[in-house]
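Have a look at protein33.cif; it's mmCIF, C-alpha atoms:
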```cif
data_input
#
loop_
_atom_site.label_atom_id
_atom_site.label_comp_id
_atom_site.auth_asym_id
_atom_site.auth_seq_id
_atom_site.Cartn_x
_atom_site.Cartn_y
_atom_site.Cartn_z
CA MET A 101 -5.53 -14.34 -5.96
CA ASN A 102 -6.25 -16.16 -2.72
CA LYS A 103 -9.76 -17.47 -2.26
CA GLU A 104 -10.36 -15.39 0.90
CA ALA A 105 -10.84 -12.29 -1.24
CA PRO A 106 -11.79 -13.56 -4.71
CA ASP A 107 -13.79 -10.52 -5.72
CA VAL A 108 -11.53 -7.69 -4.54
CA LEU A 109 -9.80 -7.38 -7.90
CA GLU A 110 -13.00 -7.49 -9.87
CA LEU A 111 -14.61 -4.47 -8.22
CA SER A 112 -14.87 -1.58 -10.63
CA GLN A 113 -15.51 2.10 -10.19
CA GLY A 114 -15.56 3.03 -13.82
CA VAL A 115 -12.40 4.27 -15.45
CA THR A 116 -11.24 6.59 -12.67
CA PRO A 117 -7.44 6.18 -12.46
CA LEU A 118 -5.13 6.87 -9.58
CA ASN A 119 -4.58 10.55 -8.86
CA LEU A 120 -1.22 10.76 -10.57
CA SER A 121 -0.86 14.48 -10.13
CA THR A 122 0.74 17.08 -7.90
CA GLU A 123 -2.37 17.24 -5.72
CA SER A 124 -1.44 14.56 -3.20
CA GLY A 125 -0.75 17.14 -0.51
CA PHE A 126 2.90 16.36 0.07
CA TYR A 127 5.08 18.98 1.67
CA ALA A 128 8.79 19.58 1.07
CA ASP A 129 10.02 16.85 3.41
CA TRP A 130 7.29 14.49 2.31
CA LYS A 131 9.02 11.32 3.53
CA GLN A 132 9.11 12.38 7.17
CA ILE A 133 5.57 11.19 7.82
CA TYR A 134 6.51 7.77 6.43
CA HIS A 135 9.42 7.48 8.83
CA VAL A 136 7.08 8.30 11.72
CA ASP A 137 4.51 5.81 10.43
CA THR A 138 7.15 3.07 10.20
CA GLU A 139 8.28 3.62 13.78
CA GLN A 140 4.68 3.51 15.01
CA ALA A 141 3.94 0.38 13.00
CA ILE A 142 6.97 -1.39 14.48
CA LEU A 143 5.34 -1.02 17.89
CA ASN A 144 2.12 -2.59 16.52
CA PRO A 145 3.25 -5.39 14.19
CA TYR A 146 0.02 -5.85 12.22
CA PRO A 147 -1.85 -8.40 14.35
CA ILE A 148 -4.93 -8.12 12.10
CA ASP A 149 -3.48 -8.99 8.68
CA THR A 150 -5.62 -12.10 8.33
CA ILE A 151 -8.89 -10.13 8.44
CA MET A 152 -7.78 -7.52 5.91
CA PRO A 153 -9.49 -9.37 3.01
CA SER A 154 -12.86 -8.81 4.68
CA ILE A 155 -12.10 -5.18 5.49
CA THR A 156 -10.91 -4.45 1.95
CA ARG A 157 -13.88 -6.21 0.37
CA LEU A 158 -16.38 -4.35 2.57
CA ILE A 159 -14.98 -0.86 2.03
CA SER A 160 -14.29 -1.35 -1.68
CA THR A 161 -17.83 -2.63 -2.20
CA LEU A 162 -19.35 0.36 -0.38
CA CYS A 163 -17.19 2.82 -2.30
CA ALA A 164 -18.17 1.21 -5.59
CA GLN A 165 -21.85 1.28 -4.63
CA PHE A 166 -21.79 4.97 -3.72
CA ARG A 167 -19.29 5.92 -6.43
CA LEU A 168 -16.77 7.29 -3.98
CA SER A 169 -13.23 8.12 -5.03
CA HIS A 170 -10.27 5.82 -4.67
CA THR A 171 -8.75 8.32 -2.26
CA ILE A 172 -11.72 7.80 0.07
CA GLU A 173 -11.62 4.05 -0.50
CA PHE A 174 -7.99 3.53 0.48
CA SER A 175 -7.91 6.13 3.23
CA SER A 176 -10.97 4.45 4.75
CA ILE A 177 -9.22 1.08 4.68
CA ASP A 178 -6.22 2.68 6.38
CA THR A 179 -8.47 4.26 9.01
CA LEU A 180 -10.30 1.07 9.89
CA GLU A 181 -7.04 -0.88 9.97
CA GLN A 182 -5.50 1.63 12.36
CA PHE A 183 -8.59 1.54 14.55
CA LEU A 184 -8.39 -2.24 14.86
CA ILE A 185 -4.64 -2.20 15.50
CA LYS A 186 -4.60 0.59 18.06
CA VAL A 187 -7.83 -0.17 19.87
CA VAL A 188 -9.14 -3.68 19.33
CA ALA A 189 -6.07 -5.83 18.67
CA GLY A 190 -4.03 -3.80 21.11
CA GLY A 191 -6.44 -4.63 23.93
CA ARG A 192 -6.83 -0.98 24.90
CA GLY A 193 -9.61 0.07 27.22
CA ALA A 194 -12.80 2.04 26.65
CA PRO A 195 -11.21 5.52 27.14
CA VAL A 196 -8.71 4.88 24.34
CA ARG A 197 -11.42 3.47 22.08
CA GLU A 198 -13.69 6.48 22.65
CA SER A 199 -10.82 8.89 22.07
CA TYR A 200 -9.96 7.25 18.74
CA LEU A 201 -13.60 7.18 17.66
CA GLN A 202 -13.87 10.90 18.35
CA GLN A 203 -10.85 11.54 16.15
CA MET A 204 -11.82 9.07 13.42
CA PRO A 205 -13.47 11.68 11.15
CA MET A 206 -10.14 13.52 11.07
CA TYR A 207 -8.31 10.33 10.05
CA ALA A 208 -10.98 9.37 7.45
CA ILE A 209 -10.46 12.53 5.40
CA TYR A 210 -6.65 11.92 5.63
CA HIS A 211 -4.84 10.78 2.44
CA SER A 212 -3.76 7.12 2.41
CA LEU A 213 0.00 6.95 2.91
CA LEU A 214 0.34 3.89 0.68
CA LEU A 215 -1.75 5.40 -2.10
CA GLY A 216 0.11 8.68 -1.77
CA ALA A 217 3.53 7.06 -2.11
CA VAL A 218 2.42 5.05 -5.15
CA GLU A 219 1.14 8.26 -6.76
CA ARG A 220 4.33 10.13 -5.95
CA PHE A 221 6.68 7.44 -7.22
CA ALA A 222 4.61 6.97 -10.38
CA LYS A 223 4.50 10.70 -11.09
CA ASP A 224 8.21 11.26 -10.48
CA HIS A 225 9.74 8.09 -11.90
CA ILE A 226 7.31 6.34 -14.27
CA LEU A 227 5.29 8.92 -16.16
CA THR A 228 8.42 10.97 -16.80
CA ILE A 229 10.04 8.15 -18.82
CA ASP A 230 6.92 7.58 -20.95
CA VAL A 231 6.86 3.79 -20.94
CA VAL A 232 3.18 3.39 -19.99
CA GLY A 233 0.14 5.65 -20.23
CA LYS A 234 -1.20 7.38 -17.13
CA ASP A 235 -4.72 5.96 -17.40
CA HIS A 236 -3.56 2.40 -17.99
CA PHE A 237 -1.09 2.58 -15.12
CA GLY A 238 -3.80 4.01 -12.89
CA LYS A 239 -6.42 1.38 -13.68
CA VAL A 240 -4.02 -1.48 -13.07
CA GLY A 241 -2.75 0.28 -9.96
CA VAL A 242 -6.19 0.54 -8.35
CA LYS A 243 -6.82 -3.19 -8.81
CA LEU A 244 -3.38 -4.12 -7.51
CA LEU A 245 -3.69 -1.87 -4.47
CA ARG A 246 -6.86 -3.71 -3.46
CA VAL A 247 -5.05 -7.01 -3.74
CA VAL A 248 -2.11 -5.76 -1.67
CA TYR A 249 -4.34 -4.36 1.07
CA ALA A 250 -6.29 -7.61 1.23
CA GLN A 251 -3.38 -10.04 0.99
CA LYS A 252 -0.56 -8.43 2.98
CA HIS A 253 -0.45 -11.47 5.27
CA TYR A 254 0.39 -13.85 2.42
CA ILE A 255 2.66 -11.39 0.61
CA TYR A 256 4.96 -10.92 3.58
CA LYS A 257 4.65 -14.49 4.86
CA SER A 258 6.28 -15.69 1.66
CA LEU A 259 9.32 -13.50 2.38
CA ARG A 260 9.80 -14.28 6.07
CA SER A 261 12.47 -16.93 5.50
CA ARG A 262 14.60 -14.46 3.53
CA VAL A 263 14.97 -12.06 6.46
CA SER A 264 17.61 -12.89 9.05
CA SER A 265 15.81 -11.69 12.18
CA GLU A 266 12.30 -10.96 13.39
CA ASP A 267 13.20 -7.33 14.16
CA MET A 268 14.44 -6.76 10.62
CA PHE A 269 11.35 -8.45 9.21
CA VAL A 270 8.97 -6.26 11.25
CA ARG A 271 10.83 -3.12 10.17
CA PHE A 272 10.74 -4.21 6.52
CA LYS A 273 7.05 -5.04 6.72
CA SER A 274 6.21 -1.76 8.45
CA ASN A 275 7.74 0.47 5.77
CA LYS A 276 5.07 1.77 3.39
CA LEU A 277 7.64 3.43 1.13
CA ILE A 278 9.23 0.07 0.30
CA LEU A 279 5.80 -1.47 -0.25
CA ALA A 280 4.77 1.40 -2.53
CA ALA A 281 7.97 1.01 -4.56
CA ALA A 282 7.30 -2.72 -4.98
CA ILE A 283 3.70 -1.97 -6.03
CA VAL A 284 4.95 0.46 -8.69
CA MET A 285 7.36 -2.19 -9.98
CA ALA A 286 4.54 -4.75 -10.02
CA ILE A 287 2.27 -2.37 -11.94
CA LEU A 288 4.99 -1.92 -14.54
CA LYS A 289 5.19 -5.67 -14.98
CA LEU A 290 1.42 -6.05 -15.30
CA CYS A 291 1.37 -3.22 -17.84
CA GLY A 292 3.78 -5.20 -20.00
CA VAL A 293 6.86 -3.07 -19.36
CA ASP A 294 9.60 -5.69 -19.19
CA GLN A 295 12.60 -4.08 -20.90
CA GLN A 296 15.40 -5.01 -18.53
CA GLN A 297 17.13 -1.65 -18.84
CA VAL A 298 13.95 0.19 -17.85
CA VAL A 299 13.18 -2.20 -15.00
CA ASP A 300 16.72 -1.97 -13.60
CA SER A 301 16.74 1.82 -13.86
CA VAL A 302 13.40 2.24 -12.09
CA ALA A 303 14.35 -0.27 -9.40
CA GLU A 304 17.59 1.55 -8.70
CA THR A 305 15.85 4.92 -8.55
CA LEU A 306 13.20 3.62 -6.17
CA SER A 307 15.82 1.94 -4.00
CA ASN A 308 17.49 5.33 -3.56
CA GLU A 309 14.14 6.84 -2.64
CA CYS A 310 13.52 4.15 -0.02
CA PHE A 311 17.08 3.76 1.28
CA VAL A 312 17.01 0.02 0.65
CA GLU A 313 18.74 -2.38 -1.73
CA ALA A 314 16.98 -2.66 -5.09
CA MET A 315 16.85 -6.46 -4.75
CA ASN A 316 14.62 -6.13 -1.67
CA ILE A 317 12.09 -4.19 -3.74
CA ILE A 318 12.27 -6.83 -6.47
CA PHE A 319 11.70 -9.63 -3.95
CA LEU A 320 8.64 -7.83 -2.59
CA ARG A 321 7.40 -7.11 -6.13
CA ASP A 322 7.60 -10.80 -6.98
CA ALA A 323 5.74 -11.74 -3.78
CA ILE A 324 2.97 -9.31 -4.76
CA LEU A 325 2.75 -10.71 -8.27
CA ASN A 326 2.63 -14.28 -6.94
CA VAL A 327 -0.41 -13.42 -4.82
CA PHE A 328 -1.99 -11.47 -7.68
CA ASN A 329 -1.66 -14.44 -10.02
CA CYS A 330 -3.05 -17.03 -7.56
#
```
Would you mind writing the structure in this file as structure tokens?
Amino acid sequence: MNKEAPDVLELSQGVTPLNLSTESGFYADWKQIYHVDTEQAILNPYPIDTIMPSITRLISTLCAQFRLSHTIEFSSIDTLEQFLIKVVAGGRGAPVRESYLQQMPMYAIYHSLLLGAVERFAKDHILTIDVVGKDHFGKVGVKLLRVVYAQKHYIYKSLRSRVSSEDMFVRFKSNKLILAAAIVMAILKLCGVDQQQVVDSVAETLSNECFVEAMNIIFLRDAILNVFNC
């Protein structure tokens, strides 16, 4: 892992795994909110990626200290990131900043979209094939999510040369469903699941879920693992 966030992975909150259940609050058309999120993110192309290690370290440390859930941890990271993107990095004025601050409590009890997609994909496509235990998958997943939140800048930077245009790159980077699919694939690898037939099957299934070529998910998975292993 990069030296800017050397202790993110090491933080521990006991043995609490990801919430791999049906309690993530998704409705029937659960992907619609991700499409909206992608379109909004395209308009604000993550100008604060380089300070995400500090944000992740701060919030993860506080959540560990007060024994708060991973849902609170990751939704809080999302909330602070959105605040910085929409208000600070966007150069918006005081009225916008005050409006967002007034609404922040509503956002901070909102479920993290990235965490939610990882939970959903794991529940639907990993636990059903019984290749890795729920608790083990969850523990590895929590650590990897912290790394991804902290190191998005380096993860995507390593892939920039593979994308033909800046517009395509921004759209790819803004899609949390694709990122969640790559995280799930990376967790499988870290859990020791390397049977090619299983990997290919899961990658194809997730590519259908995300409406993207399976190889794109694999490329992003490898970029995540490269950062994780640094």
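In this comparison, which uses all atoms listed in the file, the residue of A:Ile185, A:Arg246, A:Val218, A:Phe311 approaching Thr161 in chain A most closely is A:Arg246.
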Please identify all polymer residues within 8 Å of Ser212 in chain A, counting all atoms listed in the file, omitting same-chain residues fewer than 5 positions from it, and present them as an MDAnalysis selection string. chainID A and resid 171 174:175 178
Can you pull out the residues contacting Asp137 in chain A? Cut-off 9 Å, using only C-alpha atoms, and skip same-chain residues under 6 positions away; I want them as number ranges by chain. A: 213, 274-276
Near Arg271 in chain A, counting only C-alpha atoms, which residues have an atom at most 10 Å away, once you skip same-chain residues fewer than 5 positions from it, shown as number ranges by chain? A: 138-139, 141-143, 145, 266
Show which residues sit within 9 Å of Cys310 in chain A, as a PyMOL selection string. Count all atoms listed in the file, and ignore same-chain residues fewer than 5 positions away. chain A and resi 275+277-278+281+305
Neighbour list for Ile287 in chain A as a PDB file with C-alpha atoms, keeping the file's coordinate frame, cut-off 9 Å, all atoms listed in the file, skip fewer than 4 positions in-chain:
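What ended up in out07.pdb:
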```
ATOM      1  CA  PHE A 237      -1.090   2.580 -15.120  1.00  0.00           C
ATOM      2  CA  GLY A 238      -3.800   4.010 -12.890  1.00  0.00           C
ATOM      3  CA  VAL A 240      -4.020  -1.480 -13.070  1.00  0.00           C
ATOM      4  CA  GLY A 241      -2.750   0.280  -9.960  1.00  0.00           C
ATOM      5  CA  LEU A 244      -3.380  -4.120  -7.510  1.00  0.00           C
ATOM      6  CA  ALA A 282       7.300  -2.720  -4.980  1.00  0.00           C
ATOM      7  CA  ILE A 283       3.700  -1.970  -6.030  1.00  0.00           C
ATOM      8  CA  CYS A 291       1.370  -3.220 -17.840  1.00  0.00           C
ATOM      9  CA  GLY A 292       3.780  -5.200 -20.000  1.00  0.00           C
ATOM     10  CA  VAL A 293       6.860  -3.070 -19.360  1.00  0.00           C
TER      11      VAL A 293
END
```
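CA of Met285 in chain A lies 9.6 Å from CA of Ala222 in chain A.
In this structure, CA of Thr179 in chain A sits 10.8 Å away from CA of Ile159 in chain A.
Residue nearest Glu309 in chain A, chosen from A:Ala250, A:Met152, A:Ala280, A:Leu168 and counting all atoms listed in the file: A:Ala280.
The coordinates place CA of Leu245 in chain A at 16.5 Å from CA of Thr150 in chain A.
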Residue with the minimum atom-to-atom distance to Ala303 in chain A, picked from A:Trp130, A:Tyr254, A:Phe183, A:Phe221 with only C-alpha atoms counted, is A:Phe221
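Proximity ranking of A:Lys252, A:Lys223, A:Lys131, A:Arg157 relative to Val327 in chain A places A:Lys252 first, based on only C-alpha atoms.
Among the candidate residues A:Lys239, A:His253, A:Lys289, A:His225, the one lying nearest to Pro147 in chain A is A:His253, with distances computed using only C-alpha atoms.
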